[in-house]
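Next comes input.pdb, with PDB, C-alpha atoms.
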ATOM      1  CA  MET A  24       0.000   0.000   0.000  1.00  0.00           C
ATOM      2  CA  ALA A  25       1.334   3.434  -0.933  1.00  0.00           C
ATOM      3  CA  ILE A  26       1.448   6.561   1.131  1.00  0.00           C
ATOM      4  CA  SER A  27      -1.189   9.036  -0.052  1.00  0.00           C
ATOM      5  CA  ASN A  28       0.593  12.258   0.941  1.00  0.00           C
ATOM      6  CA  LEU A  29       4.332  12.733   1.083  1.00  0.00           C
ATOM      7  CA  SER A  30       4.366  16.430   1.972  1.00  0.00           C
ATOM      8  CA  ASP A  31       6.135  15.734   5.264  1.00  0.00           C
ATOM      9  CA  VAL A  32       8.503  13.126   3.857  1.00  0.00           C
ATOM     10  CA  ALA A  33      11.727  12.793   5.817  1.00  0.00           C
ATOM     11  CA  GLY A  34      14.218  10.684   3.972  1.00  0.00           C
ATOM     12  CA  ASP A  35      17.594  10.916   2.338  1.00  0.00           C
ATOM     13  CA  LEU A  36      17.171   8.133  -0.204  1.00  0.00           C
ATOM     14  CA  PHE A  37      14.069   6.624  -1.768  1.00  0.00           C
ATOM     15  CA  LEU A  38      13.479   3.166  -3.210  1.00  0.00           C
ATOM     16  CA  ILE A  39      10.292   2.658  -5.234  1.00  0.00           C
ATOM     17  CA  ILE A  40       9.482  -0.869  -6.368  1.00  0.00           C
ATOM     18  CA  TYR A  41       6.829  -1.892  -8.893  1.00  0.00           C
ATOM     19  CA  SER A  42       5.952  -5.177 -10.544  1.00  0.00           C
ATOM     20  CA  VAL A  43       6.631  -5.485 -14.296  1.00  0.00           C
ATOM     21  CA  ASP A  44       3.461  -7.570 -14.578  1.00  0.00           C
ATOM     22  CA  SER A  45       1.243  -4.822 -13.119  1.00  0.00           C
ATOM     23  CA  ARG A  46       0.388  -1.590 -14.918  1.00  0.00           C
ATOM     24  CA  GLU A  47      -1.260  -0.340 -11.711  1.00  0.00           C
ATOM     25  CA  SER A  48       1.916  -0.725  -9.670  1.00  0.00           C
ATOM     26  CA  PHE A  49       3.966   1.093 -12.351  1.00  0.00           C
ATOM     27  CA  ASP A  50       1.487   3.976 -12.444  1.00  0.00           C
ATOM     28  CA  GLU A  51       1.682   4.169  -8.652  1.00  0.00           C
ATOM     29  CA  ALA A  52       5.502   4.209  -8.852  1.00  0.00           C
ATOM     30  CA  ARG A  53       5.309   7.192 -11.217  1.00  0.00           C
ATOM     31  CA  ARG A  54       2.925   8.977  -8.849  1.00  0.00           C
ATOM     32  CA  LEU A  55       5.189   8.311  -5.865  1.00  0.00           C
ATOM     33  CA  GLN A  56       8.228   9.515  -7.817  1.00  0.00           C
ATOM     34  CA  ASP A  57       6.434  12.803  -8.526  1.00  0.00           C
ATOM     35  CA  GLN A  58       5.411  13.174  -4.893  1.00  0.00           C
ATOM     36  CA  VAL A  59       8.933  12.537  -3.610  1.00  0.00           C
ATOM     37  CA  PHE A  60      10.432  15.145  -5.934  1.00  0.00           C
ATOM     38  CA  LEU A  61       7.765  17.706  -5.130  1.00  0.00           C
ATOM     39  CA  ALA A  62       8.120  17.135  -1.396  1.00  0.00           C
ATOM     40  CA  LYS A  63      11.921  17.278  -1.463  1.00  0.00           C
ATOM     41  CA  GLY A  64      12.251  20.138  -3.959  1.00  0.00           C
ATOM     42  CA  GLY A  65      14.126  18.079  -6.496  1.00  0.00           C
ATOM     43  CA  HIS A  66      15.532  19.084  -9.887  1.00  0.00           C
ATOM     44  CA  GLY A  67      13.082  20.850 -12.150  1.00  0.00           C
ATOM     45  CA  THR A  68      10.010  20.527  -9.978  1.00  0.00           C
ATOM     46  CA  LEU A  69       7.308  23.043 -10.688  1.00  0.00           C
ATOM     47  CA  THR A  70       6.032  25.335  -7.959  1.00  0.00           C
ATOM     48  CA  ALA A  71       2.375  26.257  -7.455  1.00  0.00           C
ATOM     49  CA  HIS A  72       3.094  29.542  -9.277  1.00  0.00           C
ATOM     50  CA  GLY A  73       4.399  27.777 -12.377  1.00  0.00           C
ATOM     51  CA  GLY A  74       8.035  28.668 -11.685  1.00  0.00           C
ATOM     52  CA  ARG A  75      10.851  26.273 -11.003  1.00  0.00           C
ATOM     53  CA  GLY A  76      11.356  24.963  -7.503  1.00  0.00           C
ATOM     54  CA  ARG A  77      14.727  24.952  -5.818  1.00  0.00           C
ATOM     55  CA  ALA A  78      17.046  22.373  -7.344  1.00  0.00           C
ATOM     56  CA  GLN A  79      18.084  19.723  -4.869  1.00  0.00           C
ATOM     57  CA  TYR A  80      19.635  16.317  -5.327  1.00  0.00           C
ATOM     58  CA  VAL A  81      17.045  13.690  -4.398  1.00  0.00           C
ATOM     59  CA  PRO A  82      18.528  10.194  -4.667  1.00  0.00           C
ATOM     60  CA  LEU A  83      15.895   7.717  -5.788  1.00  0.00           C
ATOM     61  CA  VAL A  84      16.049   4.185  -7.205  1.00  0.00           C
ATOM     62  CA  VAL A  85      13.108   2.771  -9.162  1.00  0.00           C
ATOM     63  CA  VAL A  86      13.044  -1.022  -9.287  1.00  0.00           C
ATOM     64  CA  GLY A  87      10.989  -3.102 -11.705  1.00  0.00           C
ATOM     65  CA  ASN A  88      10.628  -6.484 -10.007  1.00  0.00           C
ATOM     66  CA  LYS A  89       9.371  -9.889 -11.207  1.00  0.00           C
ATOM     67  CA  THR A  90      11.272 -10.033 -14.488  1.00  0.00           C
ATOM     68  CA  ASP A  91      11.035 -13.818 -14.145  1.00  0.00           C
ATOM     69  CA  ARG A  92       7.360 -13.440 -15.152  1.00  0.00           C
ATOM     70  CA  ASP A  93       8.247 -12.236 -18.646  1.00  0.00           C
ATOM     71  CA  THR A  94       5.214 -13.816 -20.297  1.00  0.00           C
ATOM     72  CA  GLU A  95       2.944 -11.729 -18.036  1.00  0.00           C
ATOM     73  CA  ARG A  96       4.980  -8.521 -18.485  1.00  0.00           C
ATOM     74  CA  VAL A  97       2.922  -5.376 -19.172  1.00  0.00           C
ATOM     75  CA  VAL A  98       5.589  -2.740 -18.390  1.00  0.00           C
ATOM     76  CA  ASN A  99       8.570  -2.767 -20.732  1.00  0.00           C
ATOM     77  CA  THR A 100      12.128  -1.697 -19.968  1.00  0.00           C
ATOM     78  CA  GLY A 101      11.755   1.430 -22.095  1.00  0.00           C
ATOM     79  CA  GLU A 102       9.046   2.690 -19.768  1.00  0.00           C
ATOM     80  CA  LEU A 103      11.418   2.360 -16.809  1.00  0.00           C
ATOM     81  CA  ARG A 104      14.063   4.313 -18.742  1.00  0.00           C
ATOM     82  CA  THR A 105      11.546   7.056 -19.537  1.00  0.00           C
ATOM     83  CA  LEU A 106      10.521   7.246 -15.880  1.00  0.00           C
ATOM     84  CA  VAL A 107      14.133   7.496 -14.713  1.00  0.00           C
ATOM     85  CA  ASP A 108      15.040  10.059 -17.399  1.00  0.00           C
ATOM     86  CA  ARG A 109      12.435  12.467 -16.050  1.00  0.00           C
ATOM     87  CA  PHE A 110      14.888  13.354 -13.255  1.00  0.00           C
ATOM     88  CA  PRO A 111      18.407  12.923 -14.665  1.00  0.00           C
ATOM     89  CA  ASN A 112      21.304  12.432 -12.259  1.00  0.00           C
ATOM     90  CA  CYS A 113      18.913  11.920  -9.343  1.00  0.00           C
ATOM     91  CA  CYS A 114      17.268   8.707 -10.277  1.00  0.00           C
ATOM     92  CA  ALA A 115      18.408   5.221 -11.249  1.00  0.00           C
ATOM     93  CA  GLY A 116      16.401   2.310 -12.599  1.00  0.00           C
ATOM     94  CA  VAL A 117      17.011  -1.402 -12.301  1.00  0.00           C
ATOM     95  CA  GLU A 118      14.952  -4.407 -13.348  1.00  0.00           C
ATOM     96  CA  THR A 119      15.167  -7.389 -11.025  1.00  0.00           C
ATOM     97  CA  SER A 120      13.820 -10.763 -10.138  1.00  0.00           C
ATOM     98  CA  ALA A 121      13.919 -11.265  -6.388  1.00  0.00           C
ATOM     99  CA  LYS A 122      12.786 -14.850  -6.984  1.00  0.00           C
ATOM    100  CA  GLN A 123      15.811 -15.574  -9.190  1.00  0.00           C
ATOM    101  CA  ASN A 124      18.153 -13.198  -7.307  1.00  0.00           C
ATOM    102  CA  HIS A 125      18.723 -11.309 -10.585  1.00  0.00           C
ATOM    103  CA  ASN A 126      20.227  -7.786 -10.287  1.00  0.00           C
ATOM    104  CA  ILE A 127      19.692  -7.649  -6.516  1.00  0.00           C
ATOM    105  CA  ASP A 128      23.325  -6.648  -5.991  1.00  0.00           C
ATOM    106  CA  GLU A 129      22.879  -3.868  -8.578  1.00  0.00           C
ATOM    107  CA  VAL A 130      19.991  -2.446  -6.530  1.00  0.00           C
ATOM    108  CA  ARG A 131      22.154  -2.589  -3.405  1.00  0.00           C
ATOM    109  CA  GLY A 132      24.936  -0.855  -5.299  1.00  0.00           C
ATOM    110  CA  CYS A 133      22.679   1.952  -6.462  1.00  0.00           C
ATOM    111  CA  VAL A 134      21.324   2.431  -2.971  1.00  0.00           C
ATOM    112  CA  THR A 135      24.804   2.369  -1.449  1.00  0.00           C
ATOM    113  CA  LEU A 136      26.108   4.900  -3.947  1.00  0.00           C
ATOM    114  CA  GLU A 137      22.956   6.983  -3.470  1.00  0.00           C
ATOM    115  CA  CYS A 138      22.504   7.193  -7.225  1.00  0.00           C
ATOM    116  CA  SER A 139      25.303   9.693  -7.668  1.00  0.00           C
ATOM    117  CA  ALA A 140      25.298  11.216 -11.142  1.00  0.00           C
ATOM    118  CA  GLY A 141      26.059   8.684 -13.838  1.00  0.00           C
ATOM    119  CA  VAL A 142      26.945   5.857 -11.440  1.00  0.00           C
ATOM    120  CA  CYS A 143      23.957   3.655 -12.147  1.00  0.00           C
ATOM    121  CA  GLN A 144      21.364   4.285 -14.812  1.00  0.00           C
ATOM    122  CA  TYR A 145      19.819   1.098 -16.206  1.00  0.00           C
ATOM    123  CA  GLN A 146      20.479  -2.569 -15.489  1.00  0.00           C
TER     124      GLN A 146
END
Could I get this structure in the form of structure tokens?
Amino acid sequence: MAISNLSDVAGDLFLIIYSVDSRESFDEARRLQDQVFLAKGGHGTLTAHGGRGRAQYVPLVVVGNKTDRDTERVVNTGELRTLVDRFPNCCAGVETSAKQNHNIDEVRGCVTLECSAGVCQYQ
């Protein structure tokens, strides 16, 4: 279950996980990504007055899980790339299969490195 309002979010790093076999979970990941950046004043966020908000580095990793269920996939890798590219140098994206232990270390690496610019983009 997702948090409905992140206006008082207190975090230094964010990890958003969706299932590649669920359009709903991907749409929720996009919504949460927007909320995190608005709440933290991240790069290029729009203010209520239509101007740009203060630029701040907001480290965030978006993880597409359940790649082992490829026949049920409804969210493709390109969509993850597009989501991550919305906030360059702040956001990394990795596709994983927790069941098969695929790319789990890459997620850990991105989290450990706090998604510093250019360190981890797509796996």
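CA of Arg104 in chain A is positioned 17.5 Å from CA of Glu47 in chain A.
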So which residues get picked by the PyMOL selection byres ((chain A and resi 95-101) around 8) here, written as number ranges by chain?
-> A: 43-46, 49, 90, 92-94, 102-105, 118
Residue among A:Thr119, A:Asn124, A:Gln56, A:Asn88 lying closest to Ile40 in chain A, counting only C-alpha atoms |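 Smallest separation from Ile40 in chain A among the options: A:Asn88.
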Counting all atoms listed in the file, which of A:Cys114, A:Ile39, A:Val134, A:Leu61 gets nearest to Gly87 in chain A?
-> A:Ile39
Between CA of Ala121 in chain A and CA of Lys89 in chain A, what is the spacing in Å?
->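 Going from CA of Lys89 in chain A over to CA of Ala121 in chain A covers 6.8 Å.
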